[in-house]
$ cat input-v5.cif   # mmCIF, C-alpha atoms
data_my_file
loop_
_atom_site.group_PDB
_atom_site.id
_atom_site.type_symbol
_atom_site.label_atom_id
_atom_site.label_comp_id
_atom_site.auth_asym_id
_atom_site.auth_seq_id
_atom_site.Cartn_x
_atom_site.Cartn_y
_atom_site.Cartn_z
ATOM 1 C CA MET P 1 38.161 89.787 -25.500
ATOM 2 C CA ASP P 2 34.706 89.463 -23.981
ATOM 3 C CA LYS P 3 31.611 90.601 -25.814
ATOM 4 C CA ILE P 4 30.971 93.667 -23.658
ATOM 5 C CA GLU P 5 34.444 94.934 -24.498
ATOM 6 C CA ARG P 6 33.610 94.384 -28.159
ATOM 7 C CA VAL P 7 30.435 96.434 -27.732
ATOM 8 C CA LYS P 8 32.472 99.262 -26.231
ATOM 9 C CA ASN P 9 35.096 99.041 -28.996
ATOM 10 C CA VAL P 10 32.519 98.979 -31.804
ATOM 11 C CA VAL P 11 30.597 101.932 -30.373
ATOM 12 C CA CYS P 12 33.840 103.902 -30.030
ATOM 13 C CA TYR P 13 35.004 102.924 -33.525
ATOM 14 C CA VAL P 14 31.761 103.798 -35.326
ATOM 15 C CA SER P 15 31.184 106.959 -33.288
ATOM 16 C CA LYS P 16 34.812 108.082 -33.430
ATOM 17 C CA ILE P 17 35.083 108.647 -29.698
ATOM 18 C CA SER P 18 37.628 107.296 -27.256
ATOM 19 C CA LYS P 19 36.869 104.576 -24.757
ATOM 20 C CA ASN P 20 37.585 107.051 -21.959
ATOM 21 C CA GLU P 21 34.905 109.370 -23.340
ATOM 22 C CA LEU P 22 32.421 106.502 -23.568
ATOM 23 C CA LEU P 23 33.040 105.474 -19.974
ATOM 24 C CA SER P 24 33.283 109.023 -18.618
ATOM 25 C CA LYS P 25 30.606 110.802 -16.609
ATOM 26 C CA SER P 26 30.216 113.341 -19.429
ATOM 27 C CA ARG P 27 26.682 114.517 -20.127
ATOM 28 C CA GLU P 28 27.360 115.783 -23.645
ATOM 29 C CA ARG P 29 24.575 114.567 -25.909
ATOM 30 C CA TYR P 30 26.703 112.704 -28.462
ATOM 31 C CA ILE P 31 28.565 110.817 -25.721
ATOM 32 C CA VAL P 32 25.399 109.991 -23.775
ATOM 33 C CA ASP P 33 23.724 108.763 -26.966
ATOM 34 C CA ASN P 34 26.631 106.465 -27.750
ATOM 35 C CA ARG P 35 26.684 105.155 -24.203
ATOM 36 C CA ARG P 36 22.941 104.574 -24.452
ATOM 37 C CA MET P 37 23.439 102.604 -27.688
ATOM 38 C CA ALA P 38 26.067 100.463 -26.003
ATOM 39 C CA PHE P 39 23.609 99.663 -23.193
ATOM 40 C CA ALA P 40 20.946 98.727 -25.754
ATOM 41 C CA LEU P 41 23.348 96.432 -27.612
ATOM 42 C CA CYS P 42 24.239 94.672 -24.382
ATOM 43 C CA ARG P 43 20.574 94.204 -23.563
ATOM 44 C CA ASP P 44 19.150 93.338 -26.995
ATOM 45 C CA VAL P 45 21.932 91.377 -28.675
ATOM 46 C CA LEU P 46 23.879 89.942 -25.753
ATOM 47 C CA GLU P 47 20.722 89.557 -23.628
ATOM 48 C CA LEU P 48 22.490 90.668 -20.462
ATOM 49 C CA GLY P 49 20.683 91.663 -17.294
ATOM 50 C CA TRP P 50 20.466 95.227 -16.051
ATOM 51 C CA THR P 51 22.852 94.663 -13.144
ATOM 52 C CA LYS P 52 25.495 92.992 -15.323
ATOM 53 C CA ILE P 53 25.417 95.914 -17.779
ATOM 54 C CA ALA P 54 25.494 98.418 -14.902
ATOM 55 C CA LYS P 55 28.497 96.707 -13.333
ATOM 56 C CA GLU P 56 30.436 96.785 -16.622
ATOM 57 C CA PHE P 57 29.799 100.522 -17.053
ATOM 58 C CA ASN P 58 30.137 101.436 -13.346
ATOM 59 C CA LEU P 59 26.560 102.657 -13.075
ATOM 60 C CA ASN P 60 23.427 101.849 -11.135
ATOM 61 C CA HIS P 61 21.033 99.377 -12.792
ATOM 62 C CA ALA P 62 18.241 101.971 -12.612
ATOM 63 C CA SER P 63 20.341 104.287 -14.785
ATOM 64 C CA ILE P 64 20.682 101.531 -17.390
ATOM 65 C CA ILE P 65 16.913 100.951 -17.385
ATOM 66 C CA HIS P 66 16.319 104.700 -17.798
ATOM 67 C CA HIS P 67 18.752 104.908 -20.718
ATOM 68 C CA TYR P 68 17.243 101.824 -22.341
ATOM 69 C CA LYS P 69 13.761 103.376 -22.213
ATOM 70 C CA LYS P 70 15.128 106.615 -23.682
ATOM 71 C CA HIS P 71 16.861 104.560 -26.369
ATOM 72 C CA GLN P 72 13.513 103.024 -27.347
ATOM 73 C CA ASP P 73 11.982 106.513 -27.534
ATOM 74 C CA PHE P 74 14.820 107.859 -29.694
ATOM 75 C CA ILE P 75 14.655 104.878 -32.046
ATOM 76 C CA SER P 76 11.006 105.651 -32.736
ATOM 77 C CA ILE P 77 11.335 109.429 -33.218
ATOM 78 C CA ASP P 78 14.907 110.336 -34.190
ATOM 79 C CA GLU P 79 15.919 109.084 -37.648
ATOM 80 C CA TYR P 80 19.591 110.062 -37.253
ATOM 81 C CA TYR P 81 19.815 108.221 -33.935
ATOM 82 C CA LYS P 82 18.099 105.162 -35.405
ATOM 83 C CA ASN P 83 20.443 105.044 -38.434
ATOM 84 C CA LYS P 84 23.511 105.413 -36.248
ATOM 85 C CA TYR P 85 22.320 102.649 -33.927
ATOM 86 C CA ASN P 86 21.638 100.367 -36.895
ATOM 87 C CA ASP P 87 25.155 101.035 -38.217
ATOM 88 C CA ILE P 88 26.663 100.145 -34.853
ATOM 89 C CA LEU P 89 24.434 97.091 -34.638
ATOM 90 C CA GLU P 90 25.505 95.810 -38.057
ATOM 91 C CA VAL P 91 29.212 96.294 -37.330
ATOM 92 C CA PHE P 92 28.818 94.515 -33.998
ATOM 93 C CA LYS P 93 26.918 91.588 -35.544
ATOM 94 C CA LEU P 94 29.674 91.181 -38.110
ATOM 95 C CA GLN P 95 32.314 91.139 -35.382
ATOM 96 C CA ILE P 96 30.655 88.400 -33.353
ATOM 97 C CA ASN P 97 29.368 86.454 -36.393
ATOM 98 C CA TYR P 98 25.800 86.963 -35.232
ATOM 99 C CA VAL P 99 23.040 85.563 -37.422
ATOM 100 C CA GLU P 100 19.405 86.478 -37.021
ATOM 101 C CA PRO P 101 17.160 83.415 -36.588
ATOM 102 C CA GLN P 102 14.903 84.628 -39.418
ATOM 103 C CA GLU P 103 17.896 84.859 -41.770
ATOM 104 C CA LEU P 104 18.872 81.335 -40.817
ATOM 105 C CA ILE P 105 15.351 80.054 -41.455
ATOM 106 C CA LYS P 106 15.246 81.760 -44.873
ATOM 107 C CA GLU P 107 18.584 80.197 -45.785
ATOM 108 C CA VAL P 108 17.387 76.719 -44.770
ATOM 109 C CA VAL P 109 14.195 77.171 -46.789
ATOM 110 C CA ASN P 110 16.203 78.285 -49.838
ATOM 111 C CA ILE P 111 18.497 75.265 -49.536
ATOM 112 C CA LYS P 112 15.502 72.919 -49.285
ATOM 113 C CA LYS P 113 13.875 74.559 -52.316
ATOM 114 C CA GLN P 114 17.076 74.184 -54.290
ATOM 115 C CA ARG P 115 17.403 70.509 -53.329
ATOM 116 C CA TYR P 116 13.776 69.859 -54.231
ATOM 117 C CA ASN P 117 14.191 71.607 -57.589
ATOM 118 C CA ASN P 118 17.285 69.515 -58.300
ATOM 119 C CA TYR P 119 15.336 66.377 -57.362
ATOM 120 C CA LEU P 120 12.502 67.356 -59.713
ATOM 121 C CA LYS P 121 14.939 68.096 -62.533
ATOM 122 C CA GLN P 122 16.584 64.688 -62.060
ATOM 123 C CA LEU P 123 13.178 63.003 -61.987
ATOM 124 C CA LEU P 124 12.154 64.828 -65.158
ATOM 125 C CA LYS P 125 15.422 63.905 -66.826
ATOM 126 C CA ASN P 126 14.938 60.240 -65.891
ATOM 127 C CA ASN P 127 11.365 60.319 -67.193
ATOM 128 C CA ASN P 128 12.517 61.914 -70.455
ATOM 129 C CA ASN P 129 15.184 59.232 -70.843
ATOM 130 C CA GLU P 130 12.560 56.554 -70.203
ATOM 131 C CA ILE P 131 10.211 58.128 -72.745
ATOM 132 C CA ASN P 132 13.007 58.351 -75.308
ATOM 133 C CA THR P 133 13.875 54.696 -74.710
ATOM 134 C CA LYS P 134 10.231 53.654 -75.142
ATOM 135 C CA THR P 135 9.913 55.793 -78.251
ATOM 136 C CA GLU P 136 13.029 54.183 -79.722
ATOM 137 C CA SER P 137 11.668 50.741 -78.884
ATOM 138 C CA ILE P 138 8.369 51.513 -80.577
ATOM 139 C CA GLU P 139 10.139 52.902 -83.631
ATOM 140 C CA THR P 140 12.339 49.809 -83.801
ATOM 141 C CA PHE P 141 9.332 47.547 -83.432
ATOM 142 C CA GLU P 142 7.431 49.377 -86.154
ATOM 143 C CA SER P 143 10.471 49.372 -88.381
ATOM 144 C CA ASN P 144 10.844 45.599 -87.942
ATOM 145 C CA ARG P 145 7.144 45.095 -88.534
ATOM 146 C CA THR P 146 7.267 47.137 -91.709
ATOM 147 C CA ASP P 147 10.297 45.174 -92.881
ATOM 148 C CA ASN P 148 8.577 41.868 -92.120
ATOM 149 C CA SER P 149 5.370 42.841 -93.845
ATOM 150 C CA SER P 150 7.198 44.020 -96.977
ATOM 151 C CA SER P 151 9.176 40.756 -97.164
ATOM 152 C CA SER P 152 6.051 38.645 -96.866
ATOM 153 C CA VAL P 153 4.470 40.494 -99.757
ATOM 154 C CA LEU P 154 7.326 39.538 -102.070
#
$ encode --input "input-v5.cif" --output "structure tokens"
Amino acid sequence: MDKIERVKNVVCYVSKISKNELLSKSRERYIVDNRRMAFALCRDVLELGWTKIAKEFNLNHASIIHHYKKHQDFISIDEYYKNKYNDILEVFKLQINYVEPQELIKEVVNIKKQRYNNYLKQLLKNNNNEINTKTESIETFESNRTDNSSSSVL
């Protein structure tokens, strides 16, 4: 299944509408909004061109551009619309195993920090072992010295 079909399926699943409704010429607000969200997903996540999106939805590319601009407006002013779009976006990202570059960078940084901390712990452990060995050597030396000095007194 190609990614545009997945977009359509996710939008229909989350919005509880049929694929026929999504692809219909209906001008009911809830259907138009869902269609608009599908266009935005294709543009933002899949990075498709206007004509490719238009061809997949049997529309003119100018209509897609218009809906995309309206989508941007609704995201900034309509909290319900924004939340619904974010829900659809999250479900879609899970379906295609999409990872944000920033999330990837954070994960790499965390792994490097963890490795560095483990390295420092090992270094500290080695230094402590070395200190303990030197301390034991000094104690042994002093013990032998004390034994030798007490035997020479007798």
$ resolve_selection --input "input-v5.cif" --expression "the PyMOL selection byres ((chain P and resi 8-21) around 12)" --output "ChimeraX atom specification"
/P:1-7,22-42,53,56-57,81,83-96
$ atom_distance --input "input-v5.cif" --atom1 "CA of Thr140 in chain P" --atom2 "CA of Leu124 in chain P"
23.9 Å
$ axis_aligned_box --input "input-v5.cif" --around "range 127-133 of chain P" --padding-each-side "6 Å" --output "AutoDock Vina command-line options"
--center_x 12.7 --center_y 58.3 --center_z -71.3 --size_x 17.0 --size_y 19.2 --size_z 20.1
$ residues_around --input "input-v5.cif" --residues "Ala62 in chain P" --least-positions-apart "6" --cutoff "9 Å" --atoms "all atoms listed in the file" --output "JSON list (two decimals) with C-alpha atoms, keeping the file's coordinate frame"
[["chain", "number", "residue", "atom", "x", "y", "z"],
["P", 50, "TRP", "CA", 20.47, 95.23, -16.05],
["P", 51, "THR", "CA", 22.85, 94.66, -13.14],
["P", 54, "ALA", "CA", 25.49, 98.42, -14.90]]
$ atom_distance --input "input-v5.cif" --atom1 "CA of Val45 in chain P" --atom2 "CA of Lys70 in chain P"
17.4 Å
$ atom_distance --input "input-v5.cif" --atom1 "CA of Tyr68 in chain P" --atom2 "CA of Arg43 in chain P"
8.4 Å
